[in-house]
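First comes the structure, then the notes that go with it.
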Amino acid sequence: MSASALPRPAPSRFAPPSLPDLAGRTVLALHAHPDDEAIFTGLTLRRLADAGARTVLVVATDGDLGGSRIALRPGETVGQRRRAELEEVAGMLGVARLVLLGHRDSGLPGWSDGTHERALAAADPLPLARQVAAIADAEGADTLLHDDEQGIYGHPDHRATWRIGSTAAALVGVTGYAVTIDREHLQLVARDGHLVHGAARAAAVDYGRVTAEIALAVTGTADELARKRAAILAHASQIGPDDVPSSTFAAAYGYEWYRRSGAPGVLDQLGNAHLVAR
Ligand SMILES: [Zn+2]
């Protein structure tokens, strides 16, 4: 942590830049599990849709190892419940098309699940990158979102979606935005207040990047933050209201951070909170 770093204000204290007209633009977002799209890119996906962009959400696994904090219906599996939650959230975030790649959750580092024949972490990333690139190409996507090279917090499935997503962006030749976390910001304003803290502890890994390594921060209004929280909570099998308290939500989840490969693209047009925050 840099001693000179200052916390930026909670996003609700200033108005983010007004939405640009993104009609005709298409963005593909690749995520590892149902719920990652809301936690890490919920503001971004909703703002893109509100600005007129078409968004395509590709989720690599069903998150079948996540367990459930609520009772399932008789015969229902965790994977089935999580897919249903994801479909609901895709609608809430204005996603135009949802694609499930159908791989198996790989579990935390060291779990034997990571070597299961259908585990995402054990899959050859190149055919999957070609599959994602083909979707992006068919959709005319000019921007890809995917996890960063550390898998945000080291989860094997998130590392896999870095390999798949960054390769797909290179294959298509479009701007890639790697989703990350600003660990300095969180340390200063939301210490232990983000779901990634517990996840990183469980995986015994570090997480995120320092502020200076991050190109772009997307934020939103208080209303947009409330919609993001509702989207996270619609993943009710995984996350309850006490996991994302309203009182600290803006501090912990009010920014979505990206490292960019390639020329400034569609996300830069949503406004970079690194530059506008005071
Ligand atoms: Zn995940």
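For the structure tokens, the naming scheme is as follows: chains receive sequential letters (A, B, ...) according to their order of presentation, residues are indexed from 1 within each chain, and ligands are indexed from 1 in presentation order.
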Handout entry: Given 8 Å and only C-alpha atoms and all ligand atoms, residues near ligand 1 as a ChimeraX atom specification
Key = /A:31-36,63,155,157-158
Handout entry: Test item: residues at most 7 Å from Thr61 in chain A, only C-alpha atoms, excluding those fewer than 3 positions along its chain, as number ranges by chain
Key = A: 32-33, 101-105
Where does range 79-133 of chain A meet range 42-48 of chain A within 9 Å, residue by residue, with the nearest atom pair and distance in Å to one decimal for each, counting only C-alpha atoms, listed by chain and rising number, as a Markdown table?
```
| residue | atom | partner | partner_atom | distance |
| --- | --- | --- | --- | --- |
| A:Met92 | CA | A:Arg46 | CA | 7.9 |
| A:Leu93 | CA | A:Arg46 | CA | 4.7 |
| A:Gly94 | CA | A:Arg46 | CA | 5.9 |
| A:Val95 | CA | A:Leu45 | CA | 7.3 |
```
Exercise for the section: Go through A:Thr41, A:Ser18, A:Thr211, A:Thr167 one by one, measure the shortest atom-to-atom distance of each to Asp124 in chain A using only C-alpha atoms, and give the residue with the smallest value. Expected result: A:Thr167
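Closest approach to Asp206 in chain A among A:Val56, A:Leu65, A:Ile152, A:Leu270: A:Ile152, based on only C-alpha atoms.
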Exercise for the section: Please return as a list in words: the residues of range 44-208 of chain A that backbone DSSP assigns to strand (DSSP E). Expected result: Arg54, Thr55, Val56, Leu57, Val58, Val59, Ala60, Thr61, Arg97, Leu98, Val99, Leu100, Leu101, Gly102, His103, Thr143, Leu144, Leu145, His146, Asp147, Thr175, Gly176, Tyr177, Ala178, Val179 and Thr180 of chain A
How would the residues just picked look written out with N, CA and C atoms as a PDB file, in the first residue's frame?
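again33.pdb, freshly written:
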```pdb
ATOM      1  N   ARG A  54     -25.119  -3.158 -27.025  1.00  0.00           N
ATOM      2  CA  ARG A  54     -25.572  -4.540 -26.888  1.00  0.00           C
ATOM      3  C   ARG A  54     -24.521  -5.277 -26.049  1.00  0.00           C
ATOM      4  N   THR A  55     -24.962  -5.985 -25.026  1.00  0.00           N
ATOM      5  CA  THR A  55     -24.013  -6.727 -24.193  1.00  0.00           C
ATOM      6  C   THR A  55     -24.294  -8.226 -24.286  1.00  0.00           C
ATOM      7  N   VAL A  56     -23.210  -8.971 -24.415  1.00  0.00           N
ATOM      8  CA  VAL A  56     -23.278 -10.429 -24.482  1.00  0.00           C
ATOM      9  C   VAL A  56     -22.499 -10.963 -23.292  1.00  0.00           C
ATOM     10  N   LEU A  57     -23.172 -11.725 -22.447  1.00  0.00           N
ATOM     11  CA  LEU A  57     -22.537 -12.265 -21.241  1.00  0.00           C
ATOM     12  C   LEU A  57     -22.254 -13.749 -21.448  1.00  0.00           C
ATOM     13  N   VAL A  58     -20.980 -14.119 -21.332  1.00  0.00           N
ATOM     14  CA  VAL A  58     -20.566 -15.513 -21.476  1.00  0.00           C
ATOM     15  C   VAL A  58     -20.050 -15.982 -20.116  1.00  0.00           C
ATOM     16  N   VAL A  59     -20.652 -17.027 -19.569  1.00  0.00           N
ATOM     17  CA  VAL A  59     -20.255 -17.535 -18.255  1.00  0.00           C
ATOM     18  C   VAL A  59     -19.751 -18.967 -18.429  1.00  0.00           C
ATOM     19  N   ALA A  60     -18.542 -19.212 -17.933  1.00  0.00           N
ATOM     20  CA  ALA A  60     -17.839 -20.448 -18.276  1.00  0.00           C
ATOM     21  C   ALA A  60     -18.305 -21.661 -17.493  1.00  0.00           C
ATOM     22  N   THR A  61     -18.705 -21.462 -16.218  1.00  0.00           N
ATOM     23  CA  THR A  61     -19.133 -22.610 -15.405  1.00  0.00           C
ATOM     24  C   THR A  61     -20.507 -22.331 -14.804  1.00  0.00           C
ATOM     25  N   ARG A  97     -27.809 -11.066 -24.568  1.00  0.00           N
ATOM     26  CA  ARG A  97     -27.663 -12.494 -24.865  1.00  0.00           C
ATOM     27  C   ARG A  97     -26.776 -13.123 -23.803  1.00  0.00           C
ATOM     28  N   LEU A  98     -27.236 -14.249 -23.280  1.00  0.00           N
ATOM     29  CA  LEU A  98     -26.476 -14.989 -22.262  1.00  0.00           C
ATOM     30  C   LEU A  98     -26.028 -16.314 -22.861  1.00  0.00           C
ATOM     31  N   VAL A  99     -24.723 -16.608 -22.749  1.00  0.00           N
ATOM     32  CA  VAL A  99     -24.175 -17.866 -23.266  1.00  0.00           C
ATOM     33  C   VAL A  99     -23.488 -18.591 -22.114  1.00  0.00           C
ATOM     34  N   LEU A 100     -23.855 -19.862 -21.895  1.00  0.00           N
ATOM     35  CA  LEU A 100     -23.217 -20.671 -20.854  1.00  0.00           C
ATOM     36  C   LEU A 100     -22.303 -21.688 -21.520  1.00  0.00           C
ATOM     37  N   LEU A 101     -21.031 -21.701 -21.119  1.00  0.00           N
ATOM     38  CA  LEU A 101     -20.087 -22.637 -21.736  1.00  0.00           C
ATOM     39  C   LEU A 101     -20.171 -24.024 -21.111  1.00  0.00           C
ATOM     40  N   GLY A 102     -20.807 -24.152 -19.917  1.00  0.00           N
ATOM     41  CA  GLY A 102     -21.133 -25.471 -19.364  1.00  0.00           C
ATOM     42  C   GLY A 102     -19.986 -26.225 -18.737  1.00  0.00           C
ATOM     43  N   HIS A 103     -18.895 -25.530 -18.378  1.00  0.00           N
ATOM     44  CA  HIS A 103     -17.808 -26.242 -17.704  1.00  0.00           C
ATOM     45  C   HIS A 103     -18.107 -26.407 -16.223  1.00  0.00           C
ATOM     46  N   THR A 143     -15.247  -5.025 -28.097  1.00  0.00           N
ATOM     47  CA  THR A 143     -14.660  -4.951 -26.763  1.00  0.00           C
ATOM     48  C   THR A 143     -14.929  -6.253 -26.027  1.00  0.00           C
ATOM     49  N   LEU A 144     -13.895  -6.752 -25.336  1.00  0.00           N
ATOM     50  CA  LEU A 144     -14.063  -7.940 -24.480  1.00  0.00           C
ATOM     51  C   LEU A 144     -13.703  -7.598 -23.043  1.00  0.00           C
ATOM     52  N   LEU A 145     -14.511  -8.076 -22.104  1.00  0.00           N
ATOM     53  CA  LEU A 145     -14.181  -7.993 -20.673  1.00  0.00           C
ATOM     54  C   LEU A 145     -13.848  -9.399 -20.203  1.00  0.00           C
ATOM     55  N   HIS A 146     -12.793  -9.516 -19.401  1.00  0.00           N
ATOM     56  CA  HIS A 146     -12.425 -10.827 -18.862  1.00  0.00           C
ATOM     57  C   HIS A 146     -11.600 -10.606 -17.600  1.00  0.00           C
ATOM     58  N   ASP A 147     -11.340 -11.661 -16.838  1.00  0.00           N
ATOM     59  CA  ASP A 147     -10.563 -11.517 -15.604  1.00  0.00           C
ATOM     60  C   ASP A 147      -9.126 -11.115 -15.893  1.00  0.00           C
ATOM     61  N   THR A 175     -10.150  -4.444 -28.318  1.00  0.00           N
ATOM     62  CA  THR A 175      -9.708  -3.992 -27.001  1.00  0.00           C
ATOM     63  C   THR A 175     -10.196  -4.962 -25.925  1.00  0.00           C
ATOM     64  N   GLY A 176      -9.267  -5.356 -25.041  1.00  0.00           N
ATOM     65  CA  GLY A 176      -9.632  -6.200 -23.907  1.00  0.00           C
ATOM     66  C   GLY A 176      -9.509  -5.420 -22.611  1.00  0.00           C
ATOM     67  N   TYR A 177     -10.501  -5.557 -21.761  1.00  0.00           N
ATOM     68  CA  TYR A 177     -10.451  -4.944 -20.434  1.00  0.00           C
ATOM     69  C   TYR A 177     -10.396  -6.067 -19.400  1.00  0.00           C
ATOM     70  N   ALA A 178      -9.295  -6.101 -18.636  1.00  0.00           N
ATOM     71  CA  ALA A 178      -9.149  -7.129 -17.611  1.00  0.00           C
ATOM     72  C   ALA A 178      -9.730  -6.623 -16.302  1.00  0.00           C
ATOM     73  N   VAL A 179     -10.710  -7.356 -15.801  1.00  0.00           N
ATOM     74  CA  VAL A 179     -11.396  -6.992 -14.563  1.00  0.00           C
ATOM     75  C   VAL A 179     -10.451  -7.228 -13.387  1.00  0.00           C
ATOM     76  N   THR A 180     -10.331  -6.228 -12.529  1.00  0.00           N
ATOM     77  CA  THR A 180      -9.501  -6.417 -11.343  1.00  0.00           C
ATOM     78  C   THR A 180     -10.119  -5.699 -10.152  1.00  0.00           C
TER      79      THR A 180
END
```
Problem - Nearest residue to Ala204 in chain A from the set A:Pro241, A:Gly110, A:Gly66, A:Gly79 (distances using only C-alpha atoms) - result: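 Closest to Ala204 in chain A, using only C-alpha atoms: A:Gly110.
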Exercise for the section: For CA of Tyr207 in chain A and CA of Gly151 in chain A, determine how far apart the two atoms are, in Å to one decimal place. Expected result: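 Computing the Euclidean distance for CA of Tyr207 in chain A and CA of Gly151 in chain A yields 8.4 Å.
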Handout entry: Residue nearest Ser237 in chain A - candidates A:Glu184, A:Asp21, A:Asp113, A:Asp64, atoms counted: only C-alpha atoms
Key =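 Checking each candidate against Ser237 in chain A, we get A:Asp64 as the closest.
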Handout entry: A:Ala121, A:Ala212, A:Ala250, A:Ala138 ranked by distance to Glu224 in chain A, top pick (using only C-alpha atoms)
Key =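 Once distances to Glu224 in chain A are computed over only C-alpha atoms, the minimum belongs to A:Ala250.
Among the candidates A:Gly271, A:Gly198, A:Pro127, A:Gly208, the residue lying nearest to Leu171 in chain A is A:Pro127 (atoms considered: only C-alpha atoms).
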